[in-house]
file data11.pdb (PDB, C-alpha atoms)
ATOM      1  CA  MET A   1      -7.388  13.602 180.396
ATOM      2  CA  THR A   2      -9.618  11.287 178.335
ATOM      3  CA  THR A   3      -8.265   8.579 176.057
ATOM      4  CA  THR A   4      -9.825   6.332 173.445
ATOM      5  CA  ASN A   5      -8.719   3.235 171.623
ATOM      6  CA  PRO A   6      -6.766   4.220 168.514
ATOM      7  CA  VAL A   7      -8.109   3.288 165.096
ATOM      8  CA  PRO A   8      -6.546   0.212 163.456
ATOM      9  CA  ASP A   9      -3.120   0.795 162.015
ATOM     10  CA  THR A  10      -3.237   0.879 158.216
ATOM     11  CA  GLN A  11       0.534   0.902 157.706
ATOM     12  CA  GLU A  12       2.672  -2.079 156.760
ATOM     13  CA  PRO A  13       2.987  -4.893 159.357
ATOM     14  CA  ARG A  14       5.444  -4.069 162.083
ATOM     15  CA  ALA A  15       8.778  -5.810 162.533
ATOM     16  CA  ALA A  16       8.741  -9.232 164.122
ATOM     17  CA  ALA A  17       9.244  -9.102 167.868
ATOM     18  CA  THR A  18      12.398 -11.187 167.525
ATOM     19  CA  GLU A  19      14.121  -8.473 165.486
ATOM     20  CA  ALA A  20      15.496  -5.317 167.052
ATOM     21  CA  ALA A  21      13.877  -2.144 165.741
ATOM     22  CA  VAL A  22      16.792  -0.090 167.124
ATOM     23  CA  SER A  23      20.357  -1.348 167.477
ATOM     24  CA  VAL A  24      23.288   0.631 168.916
ATOM     25  CA  ARG A  25      26.745  -0.941 168.882
ATOM     26  CA  ASP A  26      29.789   0.606 170.583
ATOM     27  CA  LEU A  27      28.619   4.137 169.837
ATOM     28  CA  HIS A  28      31.217   6.884 170.285
ATOM     29  CA  GLN A  29      30.374  10.521 169.681
ATOM     30  CA  LYS A  30      32.922  13.343 169.840
ATOM     31  CA  TYR A  31      32.760  17.123 169.746
ATOM     32  CA  GLY A  32      36.298  18.058 168.842
ATOM     33  CA  ASP A  33      38.511  16.651 171.587
ATOM     34  CA  PHE A  34      35.578  16.046 173.935
ATOM     35  CA  GLU A  35      34.034  12.575 173.819
ATOM     36  CA  ALA A  36      30.386  12.828 174.888
ATOM     37  CA  VAL A  37      29.480   9.176 174.311
ATOM     38  CA  LYS A  38      32.051   6.475 175.030
ATOM     39  CA  GLY A  39      31.063   3.087 173.694
ATOM     40  CA  VAL A  40      27.329   2.737 174.353
ATOM     41  CA  SER A  41      25.457  -0.378 173.169
ATOM     42  CA  PHE A  42      21.809  -1.435 173.460
ATOM     43  CA  GLU A  43      18.836  -2.745 171.472
ATOM     44  CA  ILE A  44      15.115  -1.982 171.502
ATOM     45  CA  ARG A  45      12.631  -4.512 170.182
ATOM     46  CA  PRO A  46       9.051  -3.879 169.015
ATOM     47  CA  GLY A  47       6.726  -3.497 171.983
ATOM     48  CA  GLU A  48       9.611  -2.756 174.354
ATOM     49  CA  LEU A  49      10.420   0.421 176.251
ATOM     50  CA  PHE A  50      14.097   1.049 176.946
ATOM     51  CA  GLY A  51      14.798   3.650 179.634
ATOM     52  CA  LEU A  52      17.981   5.644 179.094
ATOM     53  CA  LEU A  53      18.721   7.382 182.387
ATOM     54  CA  GLY A  54      21.678   9.407 183.507
ATOM     55  CA  THR A  55      23.092  12.480 185.135
ATOM     56  CA  ASN A  56      23.103  15.858 183.379
ATOM     57  CA  GLY A  57      25.699  15.777 180.633
ATOM     58  CA  ALA A  58      25.839  11.972 180.658
ATOM     59  CA  GLY A  59      25.370  11.763 176.872
ATOM     60  CA  LYS A  60      21.690  10.836 176.657
ATOM     61  CA  THR A  61      20.610  13.653 174.341
ATOM     62  CA  THR A  62      23.635  13.129 172.087
ATOM     63  CA  THR A  63      22.710   9.445 171.820
ATOM     64  CA  ILE A  64      19.130  10.315 170.871
ATOM     65  CA  GLU A  65      20.269  12.891 168.313
ATOM     66  CA  THR A  66      22.429  10.221 166.704
ATOM     67  CA  LEU A  67      19.513   7.789 166.621
ATOM     68  CA  GLU A  68      17.373  10.468 165.003
ATOM     69  CA  GLY A  69      19.932  10.857 162.250
ATOM     70  CA  PHE A  70      21.063  14.372 163.163
ATOM     71  CA  ARG A  71      24.633  13.223 163.838
ATOM     72  CA  ARG A  72      26.897  10.653 162.240
ATOM     73  CA  PRO A  73      28.636   8.433 164.823
ATOM     74  CA  SER A  74      32.302   9.208 165.409
ATOM     75  CA  SER A  75      32.651   5.429 165.554
ATOM     76  CA  GLY A  76      30.418   2.430 166.149
ATOM     77  CA  THR A  77      27.104   1.740 164.457
ATOM     78  CA  VAL A  78      23.491   2.838 164.872
ATOM     79  CA  ARG A  79      20.715   1.069 162.988
ATOM     80  CA  VAL A  80      16.968   1.678 162.878
ATOM     81  CA  PHE A  81      15.091  -1.058 161.034
ATOM     82  CA  GLY A  82      18.490  -2.176 159.792
ATOM     83  CA  GLN A  83      19.325   1.195 158.226
ATOM     84  CA  ASP A  84      21.714   3.968 159.148
ATOM     85  CA  PRO A  85      19.414   6.814 160.292
ATOM     86  CA  TYR A  86      21.931   9.550 159.415
ATOM     87  CA  GLY A  87      20.299  11.991 157.018
ATOM     88  CA  ASN A  88      16.811  10.635 157.762
ATOM     89  CA  PRO A  89      16.483   8.154 154.849
ATOM     90  CA  PRO A  90      12.978   7.318 153.527
ATOM     91  CA  GLY A  91      13.043   3.810 155.007
ATOM     92  CA  VAL A  92      13.318   5.338 158.480
ATOM     93  CA  ARG A  93      11.632   8.712 158.148
ATOM     94  CA  GLU A  94       8.042   7.498 157.904
ATOM     95  CA  ARG A  95       8.340   4.985 160.736
ATOM     96  CA  VAL A  96       9.959   7.065 163.494
ATOM     97  CA  ASN A  97       8.915  10.083 165.524
ATOM     98  CA  ALA A  98      10.034  11.878 168.663
ATOM     99  CA  VAL A  99       9.013  14.083 171.557
ATOM    100  CA  LEU A 100      12.067  16.211 172.245
ATOM    101  CA  GLN A 101      12.959  18.416 175.209
ATOM    102  CA  GLY A 102      12.884  21.527 173.084
ATOM    103  CA  SER A 103       9.391  21.984 171.690
ATOM    104  CA  GLY A 104       9.040  23.397 168.175
ATOM    105  CA  LEU A 105       5.502  24.623 168.738
ATOM    106  CA  MET A 106       4.483  27.955 167.196
ATOM    107  CA  GLU A 107       2.965  30.061 169.933
ATOM    108  CA  ASP A 108       0.604  32.101 167.716
ATOM    109  CA  LEU A 109      -1.182  29.089 166.228
ATOM    110  CA  THR A 110      -4.164  27.440 167.857
ATOM    111  CA  VAL A 111      -4.000  23.800 168.873
ATOM    112  CA  GLN A 112      -6.243  22.903 165.925
ATOM    113  CA  GLU A 113      -4.022  24.810 163.474
ATOM    114  CA  THR A 114      -0.917  23.175 164.912
ATOM    115  CA  VAL A 115      -2.311  19.692 164.392
ATOM    116  CA  ALA A 116      -3.585  20.524 160.913
ATOM    117  CA  LEU A 117      -0.130  21.745 159.882
ATOM    118  CA  ALA A 118       1.491  18.576 161.209
ATOM    119  CA  ARG A 119      -1.055  16.386 159.407
ATOM    120  CA  ASP A 120      -0.226  18.108 156.115
ATOM    121  CA  LEU A 121       3.369  16.905 156.511
ATOM    122  CA  ALA A 122       2.452  13.278 157.279
ATOM    123  CA  SER A 123       1.630  10.541 154.766
ATOM    124  CA  THR A 124      -1.017   8.490 156.594
ATOM    125  CA  PRO A 125      -1.788  10.392 159.802
ATOM    126  CA  ARG A 126      -4.403   9.778 162.439
ATOM    127  CA  THR A 127      -7.321  12.166 162.407
ATOM    128  CA  ALA A 128      -6.829  15.384 164.333
ATOM    129  CA  GLU A 129      -9.721  14.455 166.595
ATOM    130  CA  GLU A 130      -8.177  11.113 167.494
ATOM    131  CA  ALA A 131      -4.732  12.566 168.185
ATOM    132  CA  LEU A 132      -6.108  15.267 170.468
ATOM    133  CA  GLU A 133      -8.415  12.866 172.279
ATOM    134  CA  LEU A 134      -5.505  10.510 172.909
ATOM    135  CA  VAL A 135      -3.653  13.228 174.818
ATOM    136  CA  GLY A 136      -6.652  14.901 176.451
ATOM    137  CA  LEU A 137      -6.687  18.165 174.512
ATOM    138  CA  THR A 138     -10.077  17.891 172.790
ATOM    139  CA  GLU A 139     -11.377  20.910 174.693
ATOM    140  CA  LYS A 140      -8.372  23.035 173.710
ATOM    141  CA  THR A 141      -8.689  23.006 169.902
ATOM    142  CA  ARG A 142      -9.298  26.768 169.640
ATOM    143  CA  THR A 143      -6.796  27.716 172.314
ATOM    144  CA  HIS A 144      -3.590  29.389 171.185
ATOM    145  CA  VAL A 145      -0.442  27.461 172.000
ATOM    146  CA  ARG A 146       0.931  30.342 174.055
ATOM    147  CA  GLN A 147      -2.087  30.024 176.388
ATOM    148  CA  LEU A 148      -1.409  26.365 177.197
ATOM    149  CA  SER A 149       0.311  25.367 180.413
ATOM    150  CA  GLY A 150       3.703  23.707 180.258
ATOM    151  CA  GLY A 151       2.143  20.309 180.810
ATOM    152  CA  GLN A 152      -0.466  20.884 178.094
ATOM    153  CA  LYS A 153       2.269  21.808 175.641
ATOM    154  CA  ARG A 154       4.006  18.511 176.406
ATOM    155  CA  ARG A 155       0.717  16.719 175.744
ATOM    156  CA  LEU A 156       0.476  18.513 172.409
ATOM    157  CA  ASP A 157       4.047  17.508 171.578
ATOM    158  CA  LEU A 158       3.099  13.897 172.232
ATOM    159  CA  GLY A 159      -0.094  14.179 170.197
ATOM    160  CA  LEU A 160       1.855  15.517 167.206
ATOM    161  CA  ALA A 161       4.291  12.612 167.468
ATOM    162  CA  LEU A 162       1.432  10.091 167.581
ATOM    163  CA  LEU A 163      -0.164  11.519 164.434
ATOM    164  CA  THR A 164       2.189   9.455 162.277
ATOM    165  CA  ARG A 165       1.606   6.147 164.112
ATOM    166  CA  PRO A 166       5.347   5.693 164.734
ATOM    167  CA  GLU A 167       6.850   2.225 165.007
ATOM    168  CA  VAL A 168       9.792   3.731 166.908
ATOM    169  CA  LEU A 169       9.201   6.612 169.296
ATOM    170  CA  TYR A 170      11.864   8.634 171.111
ATOM    171  CA  LEU A 171      10.586  10.300 174.278
ATOM    172  CA  ASP A 172      12.999  12.832 175.767
ATOM    173  CA  GLU A 173      11.598  13.978 179.140
ATOM    174  CA  PRO A 174       7.991  13.678 177.875
ATOM    175  CA  THR A 175       6.170  14.477 181.142
ATOM    176  CA  THR A 176       8.178  17.508 182.290
ATOM    177  CA  GLY A 177       5.787  20.201 183.502
ATOM    178  CA  MET A 178       2.795  17.883 183.813
ATOM    179  CA  ASP A 179       0.740  17.570 186.944
ATOM    180  CA  ALA A 180       0.357  14.172 188.591
ATOM    181  CA  GLU A 181      -2.868  13.343 186.733
ATOM    182  CA  GLY A 182      -1.405  14.279 183.367
ATOM    183  CA  ARG A 183       1.704  12.230 184.037
ATOM    184  CA  ILE A 184      -0.274   9.124 184.965
ATOM    185  CA  ASP A 185      -2.504   9.472 181.900
ATOM    186  CA  THR A 186       0.582   9.843 179.715
ATOM    187  CA  TRP A 187       1.959   6.635 181.221
ATOM    188  CA  ARG A 188      -1.254   4.892 180.157
ATOM    189  CA  ILE A 189      -0.823   6.158 176.605
ATOM    190  CA  ILE A 190       2.772   4.968 176.528
ATOM    191  CA  GLN A 191       1.760   1.551 177.842
ATOM    192  CA  ARG A 192      -0.867   1.306 175.100
ATOM    193  CA  LEU A 193       1.746   2.135 172.473
ATOM    194  CA  LYS A 194       3.935  -0.656 173.840
ATOM    195  CA  ASP A 195       1.004  -3.059 173.664
ATOM    196  CA  GLU A 196       0.540  -2.073 170.001
ATOM    197  CA  GLY A 197       4.156  -2.967 169.264
ATOM    198  CA  THR A 198       5.870   0.423 169.291
ATOM    199  CA  ALA A 199       9.553   0.375 170.237
ATOM    200  CA  ILE A 200      10.163   3.260 172.649
ATOM    201  CA  LEU A 201      13.283   4.963 173.962
ATOM    202  CA  LEU A 202      12.562   7.018 177.082
ATOM    203  CA  THR A 203      14.768   9.477 178.900
ATOM    204  CA  THR A 204      13.424  10.896 182.145
ATOM    205  CA  HIS A 205      14.522  12.395 185.439
ATOM    206  CA  TYR A 206      11.462  10.878 187.116
ATOM    207  CA  LEU A 207      12.800   7.562 188.345
ATOM    208  CA  GLU A 208       9.286   6.383 189.211
ATOM    209  CA  GLU A 209       8.433   6.847 185.545
ATOM    210  CA  ALA A 210      11.247   4.525 184.503
ATOM    211  CA  GLU A 211      10.274   1.982 187.169
ATOM    212  CA  ARG A 212       6.668   1.973 185.946
ATOM    213  CA  LEU A 213       7.325   1.821 182.207
ATOM    214  CA  ALA A 214      10.740   0.392 181.358
ATOM    215  CA  ASP A 215      11.187  -3.221 180.287
ATOM    216  CA  ARG A 216      14.946  -2.650 180.345
ATOM    217  CA  LEU A 217      17.040   0.339 181.261
ATOM    218  CA  ALA A 218      20.552   1.714 181.335
ATOM    219  CA  ILE A 219      22.053   4.403 183.544
ATOM    220  CA  MET A 220      24.698   6.600 181.911
ATOM    221  CA  HIS A 221      27.383   8.663 183.588
ATOM    222  CA  ARG A 222      30.066  10.677 181.816
ATOM    223  CA  GLY A 223      29.355   9.095 178.467
ATOM    224  CA  ARG A 224      29.360   5.475 179.592
ATOM    225  CA  VAL A 225      26.748   2.972 180.712
ATOM    226  CA  GLY A 226      27.137   2.195 184.402
ATOM    227  CA  VAL A 227      24.497  -0.513 184.685
ATOM    228  CA  GLU A 228      22.059  -2.080 182.218
ATOM    229  CA  GLY A 229      19.386  -4.763 182.296
ATOM    230  CA  SER A 230      15.813  -5.344 183.324
ATOM    231  CA  LEU A 231      14.671  -3.438 186.401
ATOM    232  CA  GLN A 232      14.877  -6.610 188.470
ATOM    233  CA  GLU A 233      18.395  -7.376 187.218
ATOM    234  CA  VAL A 234      19.578  -3.831 187.923
ATOM    235  CA  LEU A 235      18.130  -3.697 191.433
ATOM    236  CA  SER A 236      19.092  -7.204 192.544
ATOM    237  CA  GLY A 237      22.757  -6.511 191.864
ATOM    238  CA  TRP A 238      22.787  -3.629 194.341
ATOM    239  CA  GLY A 239      21.777  -5.548 197.429
ATOM    240  CA  ASP A 240      19.137  -5.394 200.129
ATOM    241  CA  ARG A 241      18.998  -2.768 202.872
ATOM    242  CA  VAL A 242      18.488  -3.745 206.510
ATOM    243  CA  GLY A 243      18.279  -0.754 208.837
ATOM    244  CA  PHE A 244      17.327   0.071 212.415
ATOM    245  CA  THR A 245      17.632   2.854 214.957
ATOM    246  CA  LEU A 246      20.770   2.371 217.017
ATOM    247  CA  PRO A 247      19.996   2.009 220.752
ATOM    248  CA  ALA A 248      21.390   4.904 222.780
ATOM    249  CA  ASP A 249      23.376   2.562 225.032
ATOM    250  CA  VAL A 250      25.076   0.731 222.128
ATOM    251  CA  PRO A 251      28.198   2.377 220.706
ATOM    252  CA  THR A 252      28.769   2.211 216.972
ATOM    253  CA  SER A 253      31.908   0.159 217.517
ATOM    254  CA  ASP A 254      29.807  -2.650 219.026
ATOM    255  CA  LEU A 255      27.738  -3.163 215.894
ATOM    256  CA  PRO A 256      28.378  -6.587 214.329
ATOM    257  CA  ARG A 257      30.175  -7.014 211.038
ATOM    258  CA  LEU A 258      28.174  -9.221 208.681
ATOM    259  CA  ASP A 259      29.817 -11.208 205.909
ATOM    260  CA  GLY A 260      29.085  -9.716 202.503
ATOM    261  CA  ALA A 261      27.489  -6.589 203.947
ATOM    262  CA  GLU A 262      28.524  -2.943 204.118
ATOM    263  CA  LEU A 263      27.602  -0.923 207.216
ATOM    264  CA  GLU A 264      26.698   2.754 207.186
ATOM    265  CA  VAL A 265      25.691   4.801 210.240
ATOM    266  CA  GLU A 266      23.921   8.118 209.732
ATOM    267  CA  ASN A 267      22.654  10.759 212.127
ATOM    268  CA  GLY A 268      19.081  11.754 211.407
ATOM    269  CA  GLY A 269      16.983  13.891 213.714
ATOM    270  CA  GLY A 270      19.340  13.384 216.622
ATOM    271  CA  GLN A 271      19.234   9.585 216.348
ATOM    272  CA  LEU A 272      21.763   7.252 214.788
ATOM    273  CA  ARG A 273      20.507   4.806 212.201
ATOM    274  CA  ALA A 274      22.519   1.781 211.147
ATOM    275  CA  THR A 275      21.997   0.382 207.643
ATOM    276  CA  TYR A 276      23.534  -2.792 206.266
ATOM    277  CA  THR A 277      23.700  -3.183 202.490
ATOM    278  CA  VAL A 278      23.755  -6.934 201.859
ATOM    279  CA  LYS A 279      24.975  -8.123 198.467
ATOM    280  CA  ALA A 280      26.459 -11.558 199.134
ATOM    281  CA  GLY A 281      24.445 -14.773 199.004
ATOM    282  CA  SER A 282      21.251 -15.837 197.302
ATOM    283  CA  VAL A 283      19.071 -12.950 196.162
ATOM    284  CA  ASP A 284      16.031 -14.675 197.670
ATOM    285  CA  GLU A 285      17.639 -15.347 201.067
ATOM    286  CA  ARG A 286      20.343 -12.775 201.773
ATOM    287  CA  ALA A 287      18.075 -10.323 203.630
ATOM    288  CA  HIS A 288      16.690 -13.187 205.729
ATOM    289  CA  HIS A 289      20.156 -14.315 206.809
ATOM    290  CA  ALA A 290      21.211 -10.735 207.622
ATOM    291  CA  VAL A 291      18.110 -10.126 209.761
ATOM    292  CA  ALA A 292      18.566 -13.454 211.556
ATOM    293  CA  ALA A 293      22.181 -12.581 212.389
ATOM    294  CA  LEU A 294      21.215  -9.116 213.634
ATOM    295  CA  LEU A 295      18.380 -10.459 215.798
ATOM    296  CA  ALA A 296      20.743 -13.000 217.320
ATOM    297  CA  TRP A 297      23.246 -10.222 218.035
ATOM    298  CA  ALA A 298      20.542  -7.999 219.580
ATOM    299  CA  GLU A 299      19.359 -10.829 221.817
ATOM    300  CA  GLY A 300      22.915 -11.395 222.982
ATOM    301  CA  GLN A 301      23.221  -7.689 223.756
ATOM    302  CA  GLY A 302      19.894  -7.633 225.577
ATOM    303  CA  THR A 303      18.587  -4.905 223.277
ATOM    304  CA  VAL A 304      15.856  -4.387 220.700
ATOM    305  CA  LEU A 305      16.259  -3.301 217.069
ATOM    306  CA  ARG A 306      13.809  -0.425 216.943
ATOM    307  CA  ASN A 307      12.277   0.751 213.656
ATOM    308  CA  LEU A 308      13.662  -2.306 211.896
ATOM    309  CA  GLN A 309      13.238  -1.985 208.122
ATOM    310  CA  VAL A 310      14.116  -4.397 205.325
ATOM    311  CA  ARG A 311      13.906  -3.353 201.694
ATOM    312  CA  GLY A 312      15.483  -4.027 198.354
ATOM    313  CA  ALA A 313      17.573  -1.447 196.549
ATOM    314  CA  SER A 314      15.552   1.249 194.792
ATOM    315  CA  LEU A 315      16.302   2.704 191.401
ATOM    316  CA  GLU A 316      17.240   5.909 193.220
ATOM    317  CA  ASP A 317      19.862   3.984 195.224
ATOM    318  CA  VAL A 318      21.400   2.617 192.047
ATOM    319  CA  PHE A 319      21.211   5.948 190.221
ATOM    320  CA  LEU A 320      22.938   7.841 193.021
ATOM    321  CA  GLN A 321      25.711   5.271 193.308
ATOM    322  CA  VAL A 322      26.336   5.372 189.564
ATOM    323  CA  ALA A 323      26.386   9.171 189.709
ATOM    324  CA  ASP A 324      28.862   9.006 192.594
ATOM    325  CA  GLY A 325      31.105   6.749 190.558
ATOM    326  CA  ALA A 326      30.471   3.730 192.784
ATOM    327  CA  ALA A 327      29.593   1.499 189.823
ATOM    328  CA  ASP A 328      32.167  -0.321 187.733
ATOM    329  CA  LEU A 329      31.460   1.524 184.496
ATOM    330  CA  VAL A 330      31.524  -0.559 181.352
ATOM    331  CA  SER A 331      31.572   0.356 177.693
ATOM    332  CA  GLY A 332      28.209  -1.096 176.727
TER     333      GLY A 332
END
call {"tool": "encode", "arguments": {"input": "data11.pdb", "output": "C-alpha cells"}}
result
Amino acid sequence: MTTTNPVPDTQEPRAAATEAAVSVRDLHQKYGDFEAVKGVSFEIRPGELFGLLGTNGAGKTTTIETLEGFRRPSSGTVRVFGQDPYGNPPGVRERVNAVLQGSGLMEDLTVQETVALARDLASTPRTAEEALELVGLTEKTRTHVRQLSGGQKRRLDLGLALLTRPEVLYLDEPTTGMDAEGRIDTWRIIQRLKDEGTAILLTTHYLEEAERLADRLAIMHRGRVGVEGSLQEVLSGWGDRVGFTLPADVPTSDLPRLDGAELEVENGGGQLRATYTVKAGSVDERAHHAVAALLAWAEGQGTVLRNLQVRGASLEDVFLQVADGAADLVSG
C-alpha cells in the first residue's frame, strides 16, 4: 500500500488548536422508552484523535449518527465548529466526512468511476489519482467494486472520505476486513491526517488500534462512559499486575495479603497462577513495593516465585472490567 504526501490544502485555515472542533455535552438519545445514550460528554480538538470504544450496543454508533446530523439529541448539545450538525447545515457539511460501518459503494461501478462520481459531489476535492494513491488502490482503478476484497473496499471508503479534505473525520471501524499490512498503512494515513490538523473520532474493536492512535479515549457501556482520559490516565487508574506461578507446596491460603492490592488465583494448564492487582500508592512505585513485599514473603517461606511477571494494566484489562460492570460508570 503506497502513500504520498498530500497536496497543500487550499481550503480556509483550520480552527485554532485551542478551540474544540467537536463538542458533546450531556448527550442523551432515546428510541421511544429505550435510552441508548445516557449523558455522554467529550471534546475533540484539531489534530487530535478521540477513540470511542465500547461493547456492542453501548451507544457508539448512535453517538456518531448524532454528530453527523442524522439525529437530533433527545437532550444535551452537540456542536461541530460551534454549530448544531442536525440537518447537515452548510457550515458543517463541507468540512466533515465519515467512513461508516455500512459502505454505500455501488458494486457495478469500477473504482475509477466510483471516485469520479464522488468528486462530482465535492466542491474542492483532491485529484482522483491522489486519493487512490493515499489508500493504495492505484492499481485497482479499472477493477469493479464487487471484485475488491473486504479490506480493499474499506480502503476505498477511506479514499472517498479523504477526497474532500475533511477537517473533522468520523471513522467507524475503518480497518475491519483489512490484512495486517493494510491496517498498519491505514494507521500511517490516519497519523498523517492528525499531523495536518484533522480532528478524528475513531470507533474500533481493535484495542491495539486505539492504543496506537488515540490521544484520548472513552469506553462506553450501556449508554454511559465508564472511563475517559488519555491512554496513560486510563491505564494508570487500573493498577499494576504482579503475577507468578504458585509453588506446588504452598497452599493458596498461605499467600500474603498486600495493602491496596487484590489477589486472584487462576488455574491454567494444570498450574495455579497468583496475580496481584496493585492500585494503592504512587503510580511510579506501587509495583516496586508489591514485588519487594512478595520477595520478602517468598524468602521467609523458603520458596521461589517462578515465572514472576510485572506489568501495567492493558487497555484490554480496562475494557473487560468496564464491560463486566466493574467500573464506576459516570455520566460524562
call {"tool": "closest_residue", "arguments": {"input": "data11.pdb", "among": "A:Gly197, A:Gly177, A:Gly159, A:Pro46", "to": "Val80 in chain A", "atoms": "only C-alpha atoms"}}
result
A:Pro46
call {"tool": "residues_around", "arguments": {"input": "data11.pdb", "residues": "range 209-223 of chain A", "least_positions_apart": "5", "cutoff": "6 Å", "atoms": "all atoms listed in the file", "output": "PyMOL selection string"}}
result
chain A and resi 36-38+49-55+58-59+228-230
call {"tool": "resolve_selection", "arguments": {"input": "data11.pdb", "expression": "the PyMOL selection byres ((chain A and resi 320) around 12)", "output": "mmCIF file with C-alpha atoms, keeping the file's coordinate frame"}}
result
data_model
loop_
_atom_site.group_PDB
_atom_site.id
_atom_site.type_symbol
_atom_site.label_atom_id
_atom_site.label_comp_id
_atom_site.auth_asym_id
_atom_site.auth_seq_id
_atom_site.Cartn_x
_atom_site.Cartn_y
_atom_site.Cartn_z
ATOM 1 C CA LEU A 53 18.721 7.382 182.387
ATOM 2 C CA GLY A 54 21.678 9.407 183.507
ATOM 3 C CA THR A 55 23.092 12.480 185.135
ATOM 4 C CA LEU A 207 12.800 7.562 188.345
ATOM 5 C CA ILE A 219 22.053 4.403 183.544
ATOM 6 C CA MET A 220 24.698 6.600 181.911
ATOM 7 C CA HIS A 221 27.383 8.663 183.588
ATOM 8 C CA GLY A 226 27.137 2.195 184.402
ATOM 9 C CA VAL A 227 24.497 -0.513 184.685
ATOM 10 C CA TRP A 238 22.787 -3.629 194.341
ATOM 11 C CA ALA A 313 17.573 -1.447 196.549
ATOM 12 C CA SER A 314 15.552 1.249 194.792
ATOM 13 C CA LEU A 315 16.302 2.704 191.401
ATOM 14 C CA GLU A 316 17.240 5.909 193.220
ATOM 15 C CA ASP A 317 19.862 3.984 195.224
ATOM 16 C CA VAL A 318 21.400 2.617 192.047
ATOM 17 C CA PHE A 319 21.211 5.948 190.221
ATOM 18 C CA GLN A 321 25.711 5.271 193.308
ATOM 19 C CA VAL A 322 26.336 5.372 189.564
ATOM 20 C CA ALA A 323 26.386 9.171 189.709
ATOM 21 C CA ASP A 324 28.862 9.006 192.594
ATOM 22 C CA GLY A 325 31.105 6.749 190.558
ATOM 23 C CA ALA A 326 30.471 3.730 192.784
ATOM 24 C CA ALA A 327 29.593 1.499 189.823
#
call {"tool": "resolve_selection", "arguments": {"input": "data11.pdb", "expression": "the PyMOL selection byres ((chain A and resi 103) around 12)", "output": "MDAnalysis selection string"}}
result
chainID A and resid 98:102 104:107 145 150:158 160:161 172:174 176
call {"tool": "write_last_selection", "arguments": {"input": "data11.pdb", "atoms": "C-alpha atoms", "output": "JSON list (two decimals), in the frame of the given file"}}
result
[["chain", "number", "residue", "atom", "x", "y", "z"],
["A", 98, "ALA", "CA", 10.03, 11.88, 168.66],
["A", 99, "VAL", "CA", 9.01, 14.08, 171.56],
["A", 100, "LEU", "CA", 12.07, 16.21, 172.24],
["A", 101, "GLN", "CA", 12.96, 18.42, 175.21],
["A", 102, "GLY", "CA", 12.88, 21.53, 173.08],
["A", 104, "GLY", "CA", 9.04, 23.40, 168.18],
["A", 105, "LEU", "CA", 5.50, 24.62, 168.74],
["A", 106, "MET", "CA", 4.48, 27.96, 167.20],
["A", 107, "GLU", "CA", 2.96, 30.06, 169.93],
["A", 145, "VAL", "CA", -0.44, 27.46, 172.00],
["A", 150, "GLY", "CA", 3.70, 23.71, 180.26],
["A", 151, "GLY", "CA", 2.14, 20.31, 180.81],
["A", 152, "GLN", "CA", -0.47, 20.88, 178.09],
["A", 153, "LYS", "CA", 2.27, 21.81, 175.64],
["A", 154, "ARG", "CA", 4.01, 18.51, 176.41],
["A", 155, "ARG", "CA", 0.72, 16.72, 175.74],
["A", 156, "LEU", "CA", 0.48, 18.51, 172.41],
["A", 157, "ASP", "CA", 4.05, 17.51, 171.58],
["A", 158, "LEU", "CA", 3.10, 13.90, 172.23],
["A", 160, "LEU", "CA", 1.86, 15.52, 167.21],
["A", 161, "ALA", "CA", 4.29, 12.61, 167.47],
["A", 172, "ASP", "CA", 13.00, 12.83, 175.77],
["A", 173, "GLU", "CA", 11.60, 13.98, 179.14],
["A", 174, "PRO", "CA", 7.99, 13.68, 177.88],
["A", 176, "THR", "CA", 8.18, 17.51, 182.29]]
call {"tool": "residues_around", "arguments": {"input": "data11.pdb", "residues": "range 269-282 of chain A", "least_positions_apart": "5", "cutoff": "12 Å", "atoms": "all atoms listed in the file", "output": "CSV table (one decimal) with C-alpha atoms, in the coordinates of the input"}}
result
chain,number,residue,atom,x,y,z
A,235,LEU,CA,18.1,-3.7,191.4
A,236,SER,CA,19.1,-7.2,192.5
A,237,GLY,CA,22.8,-6.5,191.9
A,238,TRP,CA,22.8,-3.6,194.3
A,239,GLY,CA,21.8,-5.5,197.4
A,240,ASP,CA,19.1,-5.4,200.1
A,241,ARG,CA,19.0,-2.8,202.9
A,242,VAL,CA,18.5,-3.7,206.5
A,243,GLY,CA,18.3,-0.8,208.8
A,244,PHE,CA,17.3,0.1,212.4
A,245,THR,CA,17.6,2.9,215.0
A,246,LEU,CA,20.8,2.4,217.0
A,247,PRO,CA,20.0,2.0,220.8
A,248,ALA,CA,21.4,4.9,222.8
A,249,ASP,CA,23.4,2.6,225.0
A,250,VAL,CA,25.1,0.7,222.1
A,251,PRO,CA,28.2,2.4,220.7
A,252,THR,CA,28.8,2.2,217.0
A,253,SER,CA,31.9,0.2,217.5
A,254,ASP,CA,29.8,-2.6,219.0
A,255,LEU,CA,27.7,-3.2,215.9
A,256,PRO,CA,28.4,-6.6,214.3
A,257,ARG,CA,30.2,-7.0,211.0
A,258,LEU,CA,28.2,-9.2,208.7
A,259,ASP,CA,29.8,-11.2,205.9
A,260,GLY,CA,29.1,-9.7,202.5
A,261,ALA,CA,27.5,-6.6,203.9
A,262,GLU,CA,28.5,-2.9,204.1
A,263,LEU,CA,27.6,-0.9,207.2
A,264,GLU,CA,26.7,2.8,207.2
A,287,ALA,CA,18.1,-10.3,203.6
A,288,HIS,CA,16.7,-13.2,205.7
A,289,HIS,CA,20.2,-14.3,206.8
A,290,ALA,CA,21.2,-10.7,207.6
A,291,VAL,CA,18.1,-10.1,209.8
A,293,ALA,CA,22.2,-12.6,212.4
A,294,LEU,CA,21.2,-9.1,213.6
A,305,LEU,CA,16.3,-3.3,217.1
A,306,ARG,CA,13.8,-0.4,216.9
A,307,ASN,CA,12.3,0.8,213.7
A,308,LEU,CA,13.7,-2.3,211.9
A,309,GLN,CA,13.2,-2.0,208.1
A,310,VAL,CA,14.1,-4.4,205.3
A,311,ARG,CA,13.9,-3.4,201.7
A,312,GLY,CA,15.5,-4.0,198.4
A,313,ALA,CA,17.6,-1.4,196.5
A,317,ASP,CA,19.9,4.0,195.2
call {"tool": "atom_distance", "arguments": {"input": "data11.pdb", "atom1": "CA of Ala116 in chain A", "atom2": "CA of Thr204 in chain A"}}
result
28.9 Å
call {"tool": "axis_aligned_box", "arguments": {"input": "data11.pdb", "around": "range 279-295 of chain A", "padding_each_side": "8 Å", "output": "AutoDock Vina command-line options"}}
result
--center_x 21.2 --center_y -12.0 --center_z 206.0 --size_x 26.4 --size_y 23.7 --size_z 35.6
